[in-house]
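Data block below; observations after.
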Amino acid sequence: MSLADNKCIPCRGGVPPLTESQAMNLLGQLDSSWELTNSATHLQRSYLFKNFVHAMDFANKLADVAEEEGHHPELHIGWGKCTVDLWTHKINGLTESDFFLAAKSDRVLEIVRSATEGIQP
């Protein structure tokens, strides 16, 4: 089962964040473009696109997935680029749901890629 096949579980707080070791283990199951940031409390990837419109298309499709999952990333959108920053706000750290949404983000990329063929390597 892929990480993307899992459902994000809403965090109500009161649970410890993943340890750096646990986060590194899950990171190994994602595309190598993902990285741990902020002392391993955030998960981040920048996606490159042919233009601003394709970056916005990706962001809008990811917003739909995030809404379905009840887990919302921070998105930073610019010309030809969308950076996805994930962490669980309630605990100011990472949970499995952050990795699930990261994998789902990569699936959204494939949808946009097949629709626009506007992804840069």
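Residues in the structure tokens are numbered from 1 in each chain, the chains being A, B, ... in the order shown, and ligands are numbered from 1 in the order shown.
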
Notebook entry, point to check: Leaving out Ile91 (chain A) and any residue of its chain fewer than 3 positions from it, which residues lie within 9 Å of it when counting only C-alpha atoms, given as a PyMOL selection string?
Noted result: chain A and resi 11-17+87-88+94-95

Checklist line | Spatial neighbours of Ser97 (chain A), 10 Å, only C-alpha atoms, chain gap at least 5 places, as a ChimeraX atom specification | finding: /A:3-4,6-11,69-71,86-88,102-103

Pull N, CA and C atoms from the residues just selected and write them as a JSON list (two decimals), in the first residue's frame.
```json
[["chain", "number", "residue", "atom", "x", "y", "z"],
["A", 3, "LEU", "N", 1.77, 5.30, 0.47],
["A", 3, "LEU", "CA", 1.38, 6.34, 1.42],
["A", 3, "LEU", "C", 0.16, 7.11, 0.93],
["A", 4, "ALA", "N", 0.07, 7.31, -0.38],
["A", 4, "ALA", "CA", -1.04, 8.08, -0.96],
["A", 4, "ALA", "C", -2.38, 7.37, -0.82],
["A", 6, "ASN", "N", -3.51, 6.10, 1.91],
["A", 6, "ASN", "CA", -3.99, 6.28, 3.28],
["A", 6, "ASN", "C", -4.80, 7.56, 3.40],
["A", 7, "LYS", "N", -5.73, 7.55, 4.33],
["A", 7, "LYS", "CA", -6.57, 8.72, 4.62],
["A", 7, "LYS", "C", -5.91, 9.54, 5.73],
["A", 8, "CYS", "N", -5.86, 10.84, 5.53],
["A", 8, "CYS", "CA", -5.33, 11.72, 6.57],
["A", 8, "CYS", "C", -6.26, 11.69, 7.78],
["A", 9, "ILE", "N", -5.66, 11.66, 8.95],
["A", 9, "ILE", "CA", -6.43, 11.61, 10.19],
["A", 9, "ILE", "C", -6.29, 12.97, 10.89],
["A", 10, "PRO", "N", -7.42, 13.65, 11.12],
["A", 10, "PRO", "CA", -7.33, 14.96, 11.77],
["A", 10, "PRO", "C", -6.67, 14.85, 13.14],
["A", 11, "CYS", "N", -5.79, 15.78, 13.43],
["A", 11, "CYS", "CA", -5.09, 15.81, 14.71],
["A", 11, "CYS", "C", -5.77, 16.83, 15.62],
["A", 69, "GLU", "N", -9.34, 15.66, 2.38],
["A", 69, "GLU", "CA", -8.58, 14.97, 3.43],
["A", 69, "GLU", "C", -8.70, 15.66, 4.79],
["A", 70, "GLY", "N", -9.13, 16.91, 4.81],
["A", 70, "GLY", "CA", -9.19, 17.65, 6.06],
["A", 70, "GLY", "C", -7.80, 17.97, 6.62],
["A", 71, "HIS", "N", -6.83, 18.08, 5.72],
["A", 71, "HIS", "CA", -5.44, 18.37, 6.12],
["A", 71, "HIS", "C", -4.89, 19.34, 5.09],
["A", 86, "LEU", "N", 4.34, 21.23, 4.49],
["A", 86, "LEU", "CA", 3.42, 20.44, 5.31],
["A", 86, "LEU", "C", 3.92, 20.31, 6.74],
["A", 87, "TRP", "N", 3.01, 20.43, 7.67],
["A", 87, "TRP", "CA", 3.22, 20.08, 9.07],
["A", 87, "TRP", "C", 1.86, 20.09, 9.73],
["A", 88, "THR", "N", 1.77, 19.47, 10.88],
["A", 88, "THR", "CA", 0.51, 19.43, 11.61],
["A", 88, "THR", "C", 0.51, 20.58, 12.60],
["A", 102, "ALA", "N", 1.65, 14.47, 1.32],
["A", 102, "ALA", "CA", 2.79, 14.66, 0.41],
["A", 102, "ALA", "C", 2.69, 13.69, -0.76],
["A", 103, "ALA", "N", 2.40, 12.43, -0.46],
["A", 103, "ALA", "CA", 2.26, 11.43, -1.52],
["A", 103, "ALA", "C", 1.07, 11.76, -2.42]]
```

Item checked: DSSP-assigned helix (DSSP H, G or I) members of region 5-102 of chain A, reported as a PyMOL selection string -> chain A and resi 5+20-27+52-69+96-102

Quick one: write out the picked residues with N, CA and C atoms as an mmCIF file, in the first residue's frame?
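Final file, out_22.cif:
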```cif
data_model
loop_
_atom_site.group_PDB
_atom_site.id
_atom_site.type_symbol
_atom_site.label_atom_id
_atom_site.label_comp_id
_atom_site.auth_asym_id
_atom_site.auth_seq_id
_atom_site.Cartn_x
_atom_site.Cartn_y
_atom_site.Cartn_z
ATOM 1 N N ASP A 5 -2.368 6.082 -0.531
ATOM 2 C CA ASP A 5 -3.615 5.331 -0.386
ATOM 3 C C ASP A 5 -4.221 5.471 1.006
ATOM 4 N N GLU A 20 12.540 12.482 14.529
ATOM 5 C CA GLU A 20 13.290 12.665 13.286
ATOM 6 C C GLU A 20 13.542 11.320 12.606
ATOM 7 N N SER A 21 13.803 10.292 13.383
ATOM 8 C CA SER A 21 14.033 8.950 12.832
ATOM 9 C C SER A 21 12.777 8.422 12.134
ATOM 10 N N GLN A 22 11.627 8.586 12.767
ATOM 11 C CA GLN A 22 10.367 8.159 12.151
ATOM 12 C C GLN A 22 10.101 8.949 10.877
ATOM 13 N N ALA A 23 10.344 10.254 10.927
ATOM 14 C CA ALA A 23 10.123 11.105 9.754
ATOM 15 C C ALA A 23 11.054 10.698 8.613
ATOM 16 N N MET A 24 12.304 10.398 8.926
ATOM 17 C CA MET A 24 13.264 9.979 7.892
ATOM 18 C C MET A 24 12.825 8.664 7.243
ATOM 19 N N ASN A 25 12.286 7.758 8.031
ATOM 20 C CA ASN A 25 11.797 6.488 7.492
ATOM 21 C C ASN A 25 10.663 6.727 6.496
ATOM 22 N N LEU A 26 9.716 7.578 6.848
ATOM 23 C CA LEU A 26 8.604 7.890 5.947
ATOM 24 C C LEU A 26 9.078 8.697 4.745
ATOM 25 N N LEU A 27 10.038 9.580 4.955
ATOM 26 C CA LEU A 27 10.586 10.377 3.857
ATOM 27 C C LEU A 27 11.154 9.468 2.768
ATOM 28 N N PHE A 52 2.850 30.203 -14.945
ATOM 29 C CA PHE A 52 2.060 30.506 -13.758
ATOM 30 C C PHE A 52 0.724 29.769 -13.763
ATOM 31 N N VAL A 53 0.091 29.696 -14.918
ATOM 32 C CA VAL A 53 -1.228 29.050 -15.019
ATOM 33 C C VAL A 53 -1.149 27.586 -14.603
ATOM 34 N N HIS A 54 -0.110 26.880 -15.026
ATOM 35 C CA HIS A 54 0.031 25.471 -14.652
ATOM 36 C C HIS A 54 0.321 25.323 -13.158
ATOM 37 N N ALA A 55 1.084 26.247 -12.598
ATOM 38 C CA ALA A 55 1.336 26.220 -11.156
ATOM 39 C C ALA A 55 0.033 26.430 -10.384
ATOM 40 N N MET A 56 -0.802 27.345 -10.849
ATOM 41 C CA MET A 56 -2.096 27.594 -10.202
ATOM 42 C C MET A 56 -3.033 26.405 -10.356
ATOM 43 N N ASP A 57 -3.004 25.768 -11.520
ATOM 44 C CA ASP A 57 -3.831 24.583 -11.743
ATOM 45 C C ASP A 57 -3.461 23.499 -10.730
ATOM 46 N N PHE A 58 -2.170 23.276 -10.554
ATOM 47 C CA PHE A 58 -1.701 22.304 -9.568
ATOM 48 C C PHE A 58 -2.187 22.698 -8.170
ATOM 49 N N ALA A 59 -2.000 23.960 -7.793
ATOM 50 C CA ALA A 59 -2.396 24.425 -6.461
ATOM 51 C C ALA A 59 -3.897 24.249 -6.233
ATOM 52 N N ASN A 60 -4.706 24.554 -7.229
ATOM 53 C CA ASN A 60 -6.156 24.405 -7.090
ATOM 54 C C ASN A 60 -6.570 22.946 -6.961
ATOM 55 N N LYS A 61 -5.948 22.073 -7.731
ATOM 56 C CA LYS A 61 -6.260 20.644 -7.626
ATOM 57 C C LYS A 61 -5.807 20.090 -6.274
ATOM 58 N N LEU A 62 -4.650 20.532 -5.811
ATOM 59 C CA LEU A 62 -4.177 20.094 -4.497
ATOM 60 C C LEU A 62 -5.089 20.631 -3.394
ATOM 61 N N ALA A 63 -5.605 21.834 -3.552
ATOM 62 C CA ALA A 63 -6.541 22.394 -2.571
ATOM 63 C C ALA A 63 -7.782 21.517 -2.449
ATOM 64 N N ASP A 64 -8.274 20.991 -3.570
ATOM 65 C CA ASP A 64 -9.430 20.091 -3.533
ATOM 66 C C ASP A 64 -9.111 18.823 -2.745
ATOM 67 N N VAL A 65 -7.940 18.248 -2.986
ATOM 68 C CA VAL A 65 -7.525 17.037 -2.264
ATOM 69 C C VAL A 65 -7.377 17.346 -0.772
ATOM 70 N N ALA A 66 -6.743 18.459 -0.452
ATOM 71 C CA ALA A 66 -6.545 18.843 0.947
ATOM 72 C C ALA A 66 -7.887 19.006 1.660
ATOM 73 N N GLU A 67 -8.838 19.598 0.984
ATOM 74 C CA GLU A 67 -10.166 19.788 1.571
ATOM 75 C C GLU A 67 -10.838 18.434 1.825
ATOM 76 N N GLU A 68 -10.732 17.519 0.863
ATOM 77 C CA GLU A 68 -11.281 16.163 1.038
ATOM 78 C C GLU A 68 -10.634 15.449 2.216
ATOM 79 N N GLU A 69 -9.337 15.657 2.384
ATOM 80 C CA GLU A 69 -8.582 14.971 3.432
ATOM 81 C C GLU A 69 -8.696 15.657 4.793
ATOM 82 N N GLU A 96 1.960 11.238 10.516
ATOM 83 C CA GLU A 96 1.859 10.426 9.304
ATOM 84 C C GLU A 96 1.006 11.112 8.249
ATOM 85 N N SER A 97 -0.015 11.837 8.661
ATOM 86 C CA SER A 97 -0.904 12.501 7.702
ATOM 87 C C SER A 97 -0.152 13.475 6.802
ATOM 88 N N ASP A 98 0.897 14.090 7.308
ATOM 89 C CA ASP A 98 1.693 14.994 6.473
ATOM 90 C C ASP A 98 2.347 14.224 5.326
ATOM 91 N N PHE A 99 2.805 13.029 5.602
ATOM 92 C CA PHE A 99 3.432 12.201 4.574
ATOM 93 C C PHE A 99 2.387 11.642 3.610
ATOM 94 N N PHE A 100 1.199 11.339 4.138
ATOM 95 C CA PHE A 100 0.113 10.892 3.259
ATOM 96 C C PHE A 100 -0.231 11.994 2.261
ATOM 97 N N LEU A 101 -0.361 13.233 2.753
ATOM 98 C CA LEU A 101 -0.715 14.339 1.860
ATOM 99 C C LEU A 101 0.429 14.658 0.896
ATOM 100 N N ALA A 102 1.653 14.474 1.322
ATOM 101 C CA ALA A 102 2.792 14.662 0.410
ATOM 102 C C ALA A 102 2.691 13.687 -0.760
#
```

Checklist line | For CA of Lys90 (chain A) and CA of Leu109 (chain A), the interatomic separation in Å (one decimal) | finding: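 Answer for the CA of Lys90 (chain A) to CA of Leu109 (chain A) separation: 27.1 Å.
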
Next item on the list: Please identify which residues in chain A DSSP calls strand (DSSP E or B) from the backbone, and express them as a ChimeraX atom specification.
Entry: /A:35-37,42-49,74-78,81-86,88,93,119
